[in-house]
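S.K.: Attaching a single structure in structure tokens format; questions to follow.
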Amino acid sequence: MPQECGGHVEYQLQRQTVLQNVQETVYETQQIPCVRTVTETVMQPRTIQSVRNVVENHVRDESYTVNRPVYRTVNQTVNYTVQKPVTRTIWKDVAYTVSRPVKETHYETRTYTVQRPVRETTMKTTYYNVNRQVRETSFKDVTYTVCRPVQETIFKTVNEVICTPVQETAYKTVCYTVQRPVQKTCYRTVPYTVQVPVQSTVMQSQPYTEMVPVKQTAYKQVAYTVSRPVRETIMKECRYTVQVPVQRTEYKTCTYTVSRPVRETVMKECRYTVCRPVQTTSMKTVSKTVCNTVTETVMKDVCETVCVPKTVVKQVSKTVCVPVVQSYYVPGKTVCVNGCLVETPGTWCQKTVMCPQTVVDNVECTVYESQAVRKQVPVTVCRTVPTVVTEHVPVVTCQMVSEEVVKQVPVTVCRTVQEVQSKQVPYTVCEYVPQEVVKQVPVTVCKTVQETCTKTVPYTVCSMVPQTRTRCVPVSVTKMCAKTEYRQDPYQVTTYVAEKQTRQVPYTYTRTVRETRAKQVPCTITRMVPQTCVKRVPITTCRIVTETCSKQVPVTTCRMVAETRSCQVPVTTCRTVVEQRVKQVPQTICETITEQRTKCVPVTVCEMQQVACTRQVPYTTCRQVVDTKVVNCPVTVQRQVAETKTVCVPRTVCKQVPVEVCVRVPVQVVCEPAVLPSAQVVPSSQSVIASPQATSLPMTTLPACDACDAKHPFFAKKARHLFR
């Protein structure tokens, strides 16, 4: 029976968590006072001498030869053949038949009835009534009262007040303001310019020669054959019959009756009554009122304005131009040195500029003040006085007187007279006559003729000609650029402060003194005196009288009377007569004739001609000029400035960090029993158990350590002896 294994101890690696002390550096903020050196740049004037290059441009003449193509035209004679058609006309006799119509006219008698109007005039007596006005005039006496004006002149005493002006001088206190100047120092920022060298790349023109192909056009003569169609026109005879209308005009006599009105003028006696006006002139007394103008002098108070002079001091601001010296910078010129453009230093110059400045001055001026003065002024017043005036006025009286007037009135009587008249009436007869027409119809025949022509063909000749061109080459140029900096400059500012002062000013015023005077003024008094007058007034009475009148009125009666008349009517008969005629017909024959002709063809010939030309070539000369100028040079000044800095100070802190460590742990291992033929169950006593020491150690759930764990940063120092 085989012996069972009691087990043996083996060591395995297991991971355990251990607290390891780790030092860490922490930075803390700390304020530290320190001293900092500050560098400042101050501009200090310094006199320097500089050499300035002066560039002078000159021009010189340079001769060169140019081949110029010269074109000239030469006339060349060319012979050619022309087919010219020649047309001639011949006349040919043609016989034809014409049917000529022959017309015969005879007259026939025809009877017709005409209604002729007959007019009869009779006189009829007509009665009518006429209303005539009859005027009667009578007179009556009318009594009326008239007020007659009577004027009387008297004198009355009037007191008049006269204002006498008296001038007096007085003094018054006048306050005026004086501007007192006060000076104050201010500072302003003044920009100034510093020249700083700046390098830049400039494109400079550089000439070079290049061979350029020049194309020229030449001409040559080329012969070619052309098939030209030649058209010939042949006249062909064509016969046809045409119905030609033939018109002729014939006349026939027509008789007609005309009723012609005949007017006769008869004088007729006409009586009528006329009212004729009769004028009578009589004198009439008329009273009327006339307005007379009366002039009076009245004293009137007048308010008059007097201007009193007054002296006033006022401030007037005016602009005065003050000369101020200003400095300005003139940049240097650009000089070509060894093919490079170099800008020379600039120069500071001074110029006097007139700057406007406002100045306040006190100016005394005289002002006139208006004052009101009252005084008595005599005024002439016109008033209207009514006056009654009696006049004798002629009065014209018109009276209508009836009269019977007889006058001869012309009366026109119209009667109709029958007249027989005849007239020739034209009428047109149209007949169609057949006529044979022969006409020449042109027929065109086309045939082709070969011709040899010459044409000028252009061809191009190319030759290489040297040509001078210009290209731009980059060149580095150093130039002085202006840089603006600022400085504080003190300046004086004058401020004017207002102060009030007082002074005594004399002035003159005028006062009015009143005086009373007495004077005699004439006055006219008008009084009205009543007066009784009598006048005759005409009274006109109008009455209407009715009268019966009669007059003869003509009455015209018209009646129709039938009459029988006869007239001759022409009748035309037409017959045709045949005639033989002969006419000349033109016939055109066309023939072709060959002609030799000559023409001049212009040919262009090109010849090269050398032309001597002169061109202006510019060149530059540079010379140096010494300039003395004052330049503000920057000077560096250092000063100590106290300030506080914030510094980060490192501090070491120790803390524990959990670290995983691989530890060798003893494990009890039991060997497996031998395999029996029959299936046996492995007893539980043969299972692998840990030794009692293993139960006392701290175990983790991590897997066992591998050989690759030596690369872990936590095991970098201590894992060397663990994996041996």
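Chain identifiers are assigned as A, B, and so on, following the order in which chains appear in the structure tokens; residues are numbered from 1 within each chain, and ligands are numbered from 1 in order of appearance.
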Which residues, written as a PyMOL selection string, have at least one atom at most 8 Å from stretch 193-209 of chain A, with only C-alpha atoms counted and residues fewer than 4 positions away on the same chain left out?
M.R.: chain A and resi 466-485+632
S.K.: Let's have the selection written as a PDB file, in the first residue's frame, with N, CA and C atoms.
M.R.:
ATOM      1  N   PRO A 466      18.470  93.553 -81.215  1.00  0.00           N
ATOM      2  CA  PRO A 466      18.764  93.809 -79.802  1.00  0.00           C
ATOM      3  C   PRO A 466      17.919  94.973 -79.289  1.00  0.00           C
ATOM      4  N   GLN A 467      17.392  94.800 -78.064  1.00  0.00           N
ATOM      5  CA  GLN A 467      16.547  95.805 -77.445  1.00  0.00           C
ATOM      6  C   GLN A 467      16.927  95.961 -75.983  1.00  0.00           C
ATOM      7  N   THR A 468      17.024  97.198 -75.552  1.00  0.00           N
ATOM      8  CA  THR A 468      17.416  97.495 -74.171  1.00  0.00           C
ATOM      9  C   THR A 468      16.167  97.608 -73.319  1.00  0.00           C
ATOM     10  N   ARG A 469      16.132  96.845 -72.236  1.00  0.00           N
ATOM     11  CA  ARG A 469      15.002  96.861 -71.318  1.00  0.00           C
ATOM     12  C   ARG A 469      15.492  97.135 -69.904  1.00  0.00           C
ATOM     13  N   THR A 470      14.562  97.385 -69.044  1.00  0.00           N
ATOM     14  CA  THR A 470      14.882  97.730 -67.657  1.00  0.00           C
ATOM     15  C   THR A 470      14.181  96.756 -66.734  1.00  0.00           C
ATOM     16  N   ARG A 471      14.937  96.258 -65.730  1.00  0.00           N
ATOM     17  CA  ARG A 471      14.337  95.393 -64.721  1.00  0.00           C
ATOM     18  C   ARG A 471      14.640  95.943 -63.337  1.00  0.00           C
ATOM     19  N   CYS A 472      13.827  95.579 -62.370  1.00  0.00           N
ATOM     20  CA  CYS A 472      13.953  96.073 -61.004  1.00  0.00           C
ATOM     21  C   CYS A 472      14.742  95.071 -60.169  1.00  0.00           C
ATOM     22  N   VAL A 473      15.822  95.557 -59.527  1.00  0.00           N
ATOM     23  CA  VAL A 473      16.698  94.722 -58.697  1.00  0.00           C
ATOM     24  C   VAL A 473      16.546  95.193 -57.260  1.00  0.00           C
ATOM     25  N   PRO A 474      16.309  94.299 -56.270  1.00  0.00           N
ATOM     26  CA  PRO A 474      16.173  94.739 -54.878  1.00  0.00           C
ATOM     27  C   PRO A 474      17.529  95.195 -54.317  1.00  0.00           C
ATOM     28  N   VAL A 475      17.554  96.370 -53.694  1.00  0.00           N
ATOM     29  CA  VAL A 475      18.760  96.959 -53.098  1.00  0.00           C
ATOM     30  C   VAL A 475      18.415  97.345 -51.666  1.00  0.00           C
ATOM     31  N   SER A 476      19.293  97.001 -50.721  1.00  0.00           N
ATOM     32  CA  SER A 476      19.077  97.333 -49.313  1.00  0.00           C
ATOM     33  C   SER A 476      19.537  98.773 -49.073  1.00  0.00           C
ATOM     34  N   VAL A 477      18.618  99.594 -48.520  1.00  0.00           N
ATOM     35  CA  VAL A 477      18.880 101.013 -48.281  1.00  0.00           C
ATOM     36  C   VAL A 477      18.615 101.304 -46.810  1.00  0.00           C
ATOM     37  N   THR A 478      19.551 102.038 -46.223  1.00  0.00           N
ATOM     38  CA  THR A 478      19.386 102.455 -44.822  1.00  0.00           C
ATOM     39  C   THR A 478      19.002 103.929 -44.822  1.00  0.00           C
ATOM     40  N   LYS A 479      17.870 104.196 -44.193  1.00  0.00           N
ATOM     41  CA  LYS A 479      17.432 105.579 -44.109  1.00  0.00           C
ATOM     42  C   LYS A 479      17.026 105.903 -42.684  1.00  0.00           C
ATOM     43  N   MET A 480      17.140 107.179 -42.391  1.00  0.00           N
ATOM     44  CA  MET A 480      16.818 107.649 -41.048  1.00  0.00           C
ATOM     45  C   MET A 480      15.329 107.977 -40.995  1.00  0.00           C
ATOM     46  N   CYS A 481      14.633 107.330 -40.074  1.00  0.00           N
ATOM     47  CA  CYS A 481      13.204 107.547 -39.920  1.00  0.00           C
ATOM     48  C   CYS A 481      12.971 108.381 -38.664  1.00  0.00           C
ATOM     49  N   ALA A 482      11.998 109.224 -38.754  1.00  0.00           N
ATOM     50  CA  ALA A 482      11.689 110.103 -37.628  1.00  0.00           C
ATOM     51  C   ALA A 482      10.835 109.363 -36.617  1.00  0.00           C
ATOM     52  N   LYS A 483      11.233 109.452 -35.328  1.00  0.00           N
ATOM     53  CA  LYS A 483      10.499 108.851 -34.224  1.00  0.00           C
ATOM     54  C   LYS A 483      10.106 109.974 -33.267  1.00  0.00           C
ATOM     55  N   THR A 484       8.856 110.007 -32.892  1.00  0.00           N
ATOM     56  CA  THR A 484       8.341 111.088 -32.060  1.00  0.00           C
ATOM     57  C   THR A 484       8.385 110.698 -30.595  1.00  0.00           C
ATOM     58  N   GLU A 485       9.038 111.547 -29.775  1.00  0.00           N
ATOM     59  CA  GLU A 485       9.057 111.398 -28.322  1.00  0.00           C
ATOM     60  C   GLU A 485       8.513 112.677 -27.701  1.00  0.00           C
ATOM     61  N   ASN A 632      19.863 116.144 -30.319  1.00  0.00           N
ATOM     62  CA  ASN A 632      19.533 115.713 -28.954  1.00  0.00           C
ATOM     63  C   ASN A 632      19.906 114.244 -28.820  1.00  0.00           C
TER      64      ASN A 632
END
S.K.: For A:Arg581, please output as a list in words all residues within 7 Å (counting only C-alpha atoms; exclusion window: fewer than 4 positions along the same chain).
M.R.: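 So, after excluding close chain neighbours, the residues are Ala95, Tyr96 and Thr97 of chain A.
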S.K.: Let's have the selection written as an mmCIF file, in the first residue's frame, with C-alpha atoms.
M.R.:
data_model
loop_
_atom_site.group_PDB
_atom_site.id
_atom_site.type_symbol
_atom_site.label_atom_id
_atom_site.label_comp_id
_atom_site.auth_asym_id
_atom_site.auth_seq_id
_atom_site.Cartn_x
_atom_site.Cartn_y
_atom_site.Cartn_z
ATOM 1 C CA ALA A 95 -47.510 93.237 -141.453
ATOM 2 C CA TYR A 96 -50.683 92.984 -139.313
ATOM 3 C CA THR A 97 -54.478 93.364 -139.749
#
S.K.: So which residues touch A:Arg276 within 8 Å, counting only C-alpha atoms, skipping near sequence neighbours fewer than 2 positions away, as a list in words?
M.R.: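 These residues fall inside the cut-off: Val274, Val278, Met400, Val401, Ser402 and Glu403 of chain A.
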S.K.: With a distance cut-off of 10 Å and only C-alpha atoms, select the neighbouring residues of A:Thr512, excluding the residue or stretch itself and same-chain residues fewer than 4 positions from it, and output the selection as a PyMOL selection string.
M.R.: chain A and resi 162-167+373-375
S.K.: List the spatial neighbours of stretch 563-568 of chain A as a list in words - criterion: any atom at most 12 Å away, only C-alpha atoms, same-chain residues fewer than 6 positions off excluded.
M.R.: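 Near stretch 563-568 of chain A, the qualifying residues are His106, Tyr107, Glu108, Thr109, Arg110, Thr111, Tyr112, Thr113, Val114, Gln115, Arg116, Pro117, Val118, Lys252, Thr253, Cys254, Thr255, Tyr256, Thr257, Gln418, Val420, Gln421, Ser422, Lys423 and Gln424 of chain A.
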S.K.: Residues as selected, N, CA, C and O atoms, written as an mmCIF file, in the first residue's frame, can you do that?
M.R.:
data_model
loop_
_atom_site.group_PDB
_atom_site.id
_atom_site.type_symbol
_atom_site.label_atom_id
_atom_site.label_comp_id
_atom_site.auth_asym_id
_atom_site.auth_seq_id
_atom_site.Cartn_x
_atom_site.Cartn_y
_atom_site.Cartn_z
ATOM 1 N N HIS A 106 -77.848 109.035 -136.467
ATOM 2 C CA HIS A 106 -79.044 109.653 -137.028
ATOM 3 C C HIS A 106 -79.938 110.064 -135.858
ATOM 4 O O HIS A 106 -79.790 109.563 -134.726
ATOM 5 N N TYR A 107 -80.881 110.999 -136.055
ATOM 6 C CA TYR A 107 -81.722 111.577 -135.014
ATOM 7 C C TYR A 107 -83.141 111.056 -135.109
ATOM 8 O O TYR A 107 -83.692 110.896 -136.217
ATOM 9 N N GLU A 108 -83.817 110.843 -133.959
ATOM 10 C CA GLU A 108 -85.216 110.432 -133.836
ATOM 11 C C GLU A 108 -85.957 111.473 -133.004
ATOM 12 O O GLU A 108 -85.384 112.050 -132.077
ATOM 13 N N THR A 109 -87.255 111.737 -133.376
ATOM 14 C CA THR A 109 -88.084 112.719 -132.658
ATOM 15 C C THR A 109 -88.864 112.001 -131.572
ATOM 16 O O THR A 109 -89.564 111.020 -131.843
ATOM 17 N N ARG A 110 -88.796 112.553 -130.274
ATOM 18 C CA ARG A 110 -89.514 111.988 -129.135
ATOM 19 C C ARG A 110 -90.322 113.086 -128.450
ATOM 20 O O ARG A 110 -89.883 114.235 -128.387
ATOM 21 N N THR A 111 -91.587 112.716 -127.971
ATOM 22 C CA THR A 111 -92.503 113.662 -127.328
ATOM 23 C C THR A 111 -92.562 113.359 -125.839
ATOM 24 O O THR A 111 -92.629 112.182 -125.443
ATOM 25 N N TYR A 112 -92.619 114.461 -124.967
ATOM 26 C CA TYR A 112 -92.736 114.277 -123.516
ATOM 27 C C TYR A 112 -93.542 115.433 -122.959
ATOM 28 O O TYR A 112 -93.686 116.490 -123.597
ATOM 29 N N THR A 113 -94.155 115.252 -121.741
ATOM 30 C CA THR A 113 -95.022 116.232 -121.074
ATOM 31 C C THR A 113 -94.284 116.832 -119.895
ATOM 32 O O THR A 113 -93.657 116.108 -119.101
ATOM 33 N N VAL A 114 -94.449 118.199 -119.737
ATOM 34 C CA VAL A 114 -93.782 118.939 -118.661
ATOM 35 C C VAL A 114 -94.822 119.714 -117.886
ATOM 36 O O VAL A 114 -95.705 120.345 -118.502
ATOM 37 N N GLN A 115 -94.777 119.682 -116.497
ATOM 38 C CA GLN A 115 -95.655 120.459 -115.632
ATOM 39 C C GLN A 115 -94.972 121.796 -115.362
ATOM 40 O O GLN A 115 -93.924 121.851 -114.722
ATOM 41 N N ARG A 116 -95.600 122.942 -115.827
ATOM 42 C CA ARG A 116 -95.023 124.271 -115.656
ATOM 43 C C ARG A 116 -95.781 125.015 -114.565
ATOM 44 O O ARG A 116 -96.994 125.125 -114.632
ATOM 45 N N PRO A 117 -95.074 125.520 -113.508
ATOM 46 C CA PRO A 117 -95.774 126.270 -112.442
ATOM 47 C C PRO A 117 -96.078 127.690 -112.924
ATOM 48 O O PRO A 117 -95.268 128.334 -113.585
ATOM 49 N N VAL A 118 -97.330 128.191 -112.548
ATOM 50 C CA VAL A 118 -97.770 129.552 -112.883
ATOM 51 C C VAL A 118 -98.094 130.245 -111.571
ATOM 52 O O VAL A 118 -98.903 129.736 -110.772
ATOM 53 N N LYS A 252 -74.539 114.623 -128.280
ATOM 54 C CA LYS A 252 -75.936 114.660 -128.718
ATOM 55 C C LYS A 252 -76.592 115.906 -128.134
ATOM 56 O O LYS A 252 -76.214 116.388 -127.065
ATOM 57 N N THR A 253 -77.586 116.462 -128.872
ATOM 58 C CA THR A 253 -78.246 117.701 -128.467
ATOM 59 C C THR A 253 -79.493 117.362 -127.687
ATOM 60 O O THR A 253 -80.365 116.614 -128.173
ATOM 61 N N CYS A 254 -79.653 117.939 -126.479
ATOM 62 C CA CYS A 254 -80.811 117.725 -125.608
ATOM 63 C C CYS A 254 -81.495 119.064 -125.376
ATOM 64 O O CYS A 254 -80.820 120.068 -125.093
ATOM 65 N N THR A 255 -82.851 119.077 -125.544
ATOM 66 C CA THR A 255 -83.650 120.298 -125.319
ATOM 67 C C THR A 255 -84.360 120.157 -123.991
ATOM 68 O O THR A 255 -84.960 119.105 -123.705
ATOM 69 N N TYR A 256 -84.356 121.246 -123.155
ATOM 70 C CA TYR A 256 -85.027 121.217 -121.848
ATOM 71 C C TYR A 256 -85.599 122.600 -121.585
ATOM 72 O O TYR A 256 -85.177 123.605 -122.179
ATOM 73 N N THR A 257 -86.656 122.619 -120.695
ATOM 74 C CA THR A 257 -87.349 123.856 -120.334
ATOM 75 C C THR A 257 -86.857 124.315 -118.980
ATOM 76 O O THR A 257 -86.775 123.524 -118.031
ATOM 77 N N GLN A 418 -90.999 130.831 -118.488
ATOM 78 C CA GLN A 418 -90.554 129.561 -119.043
ATOM 79 C C GLN A 418 -89.685 129.829 -120.269
ATOM 80 O O GLN A 418 -90.074 130.590 -121.158
ATOM 81 N N VAL A 420 -87.047 127.691 -123.260
ATOM 82 C CA VAL A 420 -86.588 126.417 -123.823
ATOM 83 C C VAL A 420 -85.136 126.587 -124.213
ATOM 84 O O VAL A 420 -84.791 127.495 -124.981
ATOM 85 N N GLN A 421 -84.261 125.688 -123.693
ATOM 86 C CA GLN A 421 -82.833 125.735 -123.979
ATOM 87 C C GLN A 421 -82.371 124.370 -124.451
ATOM 88 O O GLN A 421 -83.002 123.344 -124.168
ATOM 89 N N SER A 422 -81.251 124.354 -125.205
ATOM 90 C CA SER A 422 -80.662 123.097 -125.706
ATOM 91 C C SER A 422 -79.178 123.091 -125.363
ATOM 92 O O SER A 422 -78.534 124.146 -125.304
ATOM 93 N N LYS A 423 -78.633 121.878 -125.143
ATOM 94 C CA LYS A 423 -77.213 121.731 -124.797
ATOM 95 C C LYS A 423 -76.676 120.454 -125.398
ATOM 96 O O LYS A 423 -77.429 119.521 -125.708
ATOM 97 N N GLN A 424 -75.328 120.438 -125.655
ATOM 98 C CA GLN A 424 -74.641 119.274 -126.208
ATOM 99 C C GLN A 424 -74.178 118.405 -125.038
ATOM 100 O O GLN A 424 -73.422 118.842 -124.167
#
S.K.: Just the residues within 8 Å of A:Val413, please, counting only C-alpha atoms, with nothing from its chain fewer than 3 positions along; format it as a ChimeraX atom specification.
M.R.: /A:263-266
S.K.: Work out how far apart atom CA of A:Thr352 and atom CA of A:Pro634 are and give it in Å to one decimal.
M.R.: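 Answer for the atom CA of A:Thr352 to atom CA of A:Pro634 separation: 27.6 Å.
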S.K.: Looking at only C-alpha atoms, which of A:Glu419, A:Glu237, A:Glu210, A:Asp489 is the one that sits closest to A:Ser259?
M.R.: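 Among the listed residues, A:Glu419 lies closest to A:Ser259.
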S.K.: Find, counting only C-alpha atoms, the residue in A:Thr516, A:Thr173, A:Thr576, A:Gln440 that gets nearest to A:Asn159.
M.R.: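 Among A:Thr516, A:Thr173, A:Thr576, A:Gln440, it is A:Thr516 that comes nearest to A:Asn159.
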S.K.: Expressed in Å to a single decimal, how great is the separation between atom CA of A:Thr594 and atom CA of A:Arg88?
M.R.: 16.5 Å
S.K.: From the list A:Val406, A:Val363, A:Val438, A:Val178, which residue is nearest A:Thr241 when using only C-alpha atoms?
M.R.: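 Among the listed residues, the smallest separation from A:Thr241 belongs to A:Val438.
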S.K.: Would you give me, as a Markdown table, each residue of stretch 561-680 of chain A having an atom within 9 Å of an atom of stretch 54-73 of chain A, along with its shortest atom pair and that distance in Å to one decimal, using only C-alpha atoms and sorting by chain and residue number?
M.R.:
| residue | atom | partner | partner_atom | distance |
| --- | --- | --- | --- | --- |
| A:Pro602 | CA | A:Thr73 | CA | 6.0 |
| A:Val603 | CA | A:Thr73 | CA | 5.4 |
| A:Thr604 | CA | A:Thr73 | CA | 4.4 |
| A:Val605 | CA | A:Arg72 | CA | 5.4 |
| A:Cys606 | CA | A:Tyr71 | CA | 4.5 |
| A:Glu607 | CA | A:Val70 | CA | 5.1 |
| A:Met608 | CA | A:Pro69 | CA | 4.4 |
| A:Gln609 | CA | A:Arg68 | CA | 5.2 |
| A:Gln610 | CA | A:Asn67 | CA | 4.5 |
| A:Val611 | CA | A:Val66 | CA | 5.2 |
| A:Ala612 | CA | A:Thr65 | CA | 4.6 |
| A:Cys613 | CA | A:Tyr64 | CA | 5.5 |
| A:Thr614 | CA | A:Ser63 | CA | 4.4 |
| A:Arg615 | CA | A:Glu62 | CA | 5.4 |
| A:Gln616 | CA | A:Asp61 | CA | 4.9 |
| A:Val617 | CA | A:Arg60 | CA | 5.4 |
| A:Pro618 | CA | A:Val59 | CA | 4.3 |
| A:Tyr619 | CA | A:His58 | CA | 5.4 |
| A:Thr620 | CA | A:Asn57 | CA | 4.6 |
| A:Thr621 | CA | A:Glu56 | CA | 5.1 |
| A:Cys622 | CA | A:Val55 | CA | 4.5 |
| A:Arg623 | CA | A:Val54 | CA | 5.2 |
| A:Gln624 | CA | A:Val54 | CA | 5.9 |
| A:Val625 | CA | A:Val54 | CA | 6.8 |
S.K.: I need the chosen residues saved as a PDB file, in the first residue's frame, with N, CA and C atoms.
M.R.:
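Saved result, part.pdb, follows:
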ATOM      1  N   PRO A 602      -0.297  98.369-107.663  1.00  0.00           N
ATOM      2  CA  PRO A 602       0.713  98.857-106.713  1.00  0.00           C
ATOM      3  C   PRO A 602       1.369  97.693-105.968  1.00  0.00           C
ATOM      4  N   VAL A 603       2.711  97.720-105.903  1.00  0.00           N
ATOM      5  CA  VAL A 603       3.500  96.689-105.215  1.00  0.00           C
ATOM      6  C   VAL A 603       4.321  97.402-104.149  1.00  0.00           C
ATOM      7  N   THR A 604       4.286  96.881-102.912  1.00  0.00           N
ATOM      8  CA  THR A 604       5.014  97.489-101.795  1.00  0.00           C
ATOM      9  C   THR A 604       6.382  96.836-101.660  1.00  0.00           C
ATOM     10  N   VAL A 605       7.443  97.665-101.653  1.00  0.00           N
ATOM     11  CA  VAL A 605       8.834  97.208-101.531  1.00  0.00           C
ATOM     12  C   VAL A 605       9.376  97.737-100.207  1.00  0.00           C
ATOM     13  N   CYS A 606      10.010  96.835 -99.407  1.00  0.00           N
ATOM     14  CA  CYS A 606      10.550  97.216 -98.094  1.00  0.00           C
ATOM     15  C   CYS A 606      12.078  97.288 -98.187  1.00  0.00           C
ATOM     16  N   GLU A 607      12.664  98.399 -97.757  1.00  0.00           N
ATOM     17  CA  GLU A 607      14.106  98.596 -97.730  1.00  0.00           C
ATOM     18  C   GLU A 607      14.517  99.040 -96.334  1.00  0.00           C
ATOM     19  N   MET A 608      15.661  98.535 -95.860  1.00  0.00           N
ATOM     20  CA  MET A 608      16.187  98.892 -94.543  1.00  0.00           C
ATOM     21  C   MET A 608      17.088 100.108 -94.692  1.00  0.00           C
ATOM     22  N   GLN A 609      16.856 101.136 -93.901  1.00  0.00           N
ATOM     23  CA  GLN A 609      17.610 102.382 -93.962  1.00  0.00           C
ATOM     24  C   GLN A 609      18.178 102.679 -92.578  1.00  0.00           C
ATOM     25  N   GLN A 610      19.477 102.986 -92.536  1.00  0.00           N
ATOM     26  CA  GLN A 610      20.130 103.283 -91.268  1.00  0.00           C
ATOM     27  C   GLN A 610      19.939 104.762 -90.934  1.00  0.00           C
ATOM     28  N   VAL A 611      19.467 105.006 -89.688  1.00  0.00           N
ATOM     29  CA  VAL A 611      19.202 106.358 -89.216  1.00  0.00           C
ATOM     30  C   VAL A 611      20.041 106.596 -87.966  1.00  0.00           C
ATOM     31  N   ALA A 612      20.807 107.689 -87.973  1.00  0.00           N
ATOM     32  CA  ALA A 612      21.628 108.059 -86.808  1.00  0.00           C
ATOM     33  C   ALA A 612      20.787 108.888 -85.860  1.00  0.00           C
ATOM     34  N   CYS A 613      20.670 108.432 -84.582  1.00  0.00           N
ATOM     35  CA  CYS A 613      19.857 109.109 -83.574  1.00  0.00           C
ATOM     36  C   CYS A 613      20.733 109.496 -82.392  1.00  0.00           C
ATOM     37  N   THR A 614      20.279 110.452 -81.660  1.00  0.00           N
ATOM     38  CA  THR A 614      20.978 110.927 -80.452  1.00  0.00           C
ATOM     39  C   THR A 614      20.001 110.885 -79.302  1.00  0.00           C
ATOM     40  N   ARG A 615      20.417 110.338 -78.175  1.00  0.00           N
ATOM     41  CA  ARG A 615      19.567 110.266 -76.996  1.00  0.00           C
ATOM     42  C   ARG A 615      20.281 110.864 -75.799  1.00  0.00           C
ATOM     43  N   GLN A 616      19.527 111.322 -74.846  1.00  0.00           N
ATOM     44  CA  GLN A 616      20.033 111.924 -73.622  1.00  0.00           C
ATOM     45  C   GLN A 616      20.183 110.831 -72.575  1.00  0.00           C
ATOM     46  N   VAL A 617      21.438 110.662 -72.075  1.00  0.00           N
ATOM     47  CA  VAL A 617      21.721 109.628 -71.073  1.00  0.00           C
ATOM     48  C   VAL A 617      22.001 110.342 -69.751  1.00  0.00           C
ATOM     49  N   PRO A 618      21.193 110.109 -68.699  1.00  0.00           N
ATOM     50  CA  PRO A 618      21.460 110.767 -67.414  1.00  0.00           C
ATOM     51  C   PRO A 618      22.553 110.025 -66.627  1.00  0.00           C
ATOM     52  N   TYR A 619      23.417 110.788 -65.944  1.00  0.00           N
ATOM     53  CA  TYR A 619      24.394 110.201 -65.026  1.00  0.00           C
ATOM     54  C   TYR A 619      24.475 111.080 -63.793  1.00  0.00           C
ATOM     55  N   THR A 620      24.894 110.498 -62.687  1.00  0.00           N
ATOM     56  CA  THR A 620      24.857 111.148 -61.374  1.00  0.00           C
ATOM     57  C   THR A 620      26.270 111.347 -60.845  1.00  0.00           C
ATOM     58  N   THR A 621      26.508 112.542 -60.268  1.00  0.00           N
ATOM     59  CA  THR A 621      27.789 112.881 -59.627  1.00  0.00           C
ATOM     60  C   THR A 621      27.509 113.148 -58.159  1.00  0.00           C
ATOM     61  N   CYS A 622      28.333 112.590 -57.279  1.00  0.00           N
ATOM     62  CA  CYS A 622      28.128 112.723 -55.833  1.00  0.00           C
ATOM     63  C   CYS A 622      29.325 113.465 -55.231  1.00  0.00           C
ATOM     64  N   ARG A 623      29.041 114.511 -54.411  1.00  0.00           N
ATOM     65  CA  ARG A 623      30.089 115.222 -53.685  1.00  0.00           C
ATOM     66  C   ARG A 623      29.646 115.380 -52.239  1.00  0.00           C
ATOM     67  N   GLN A 624      30.658 115.502 -51.339  1.00  0.00           N
ATOM     68  CA  GLN A 624      30.383 115.531 -49.910  1.00  0.00           C
ATOM     69  C   GLN A 624      30.450 116.960 -49.393  1.00  0.00           C
ATOM     70  N   VAL A 625      29.459 117.274 -48.503  1.00  0.00           N
ATOM     71  CA  VAL A 625      29.360 118.591 -47.890  1.00  0.00           C
ATOM     72  C   VAL A 625      29.292 118.396 -46.381  1.00  0.00           C
TER      73      VAL A 625
END
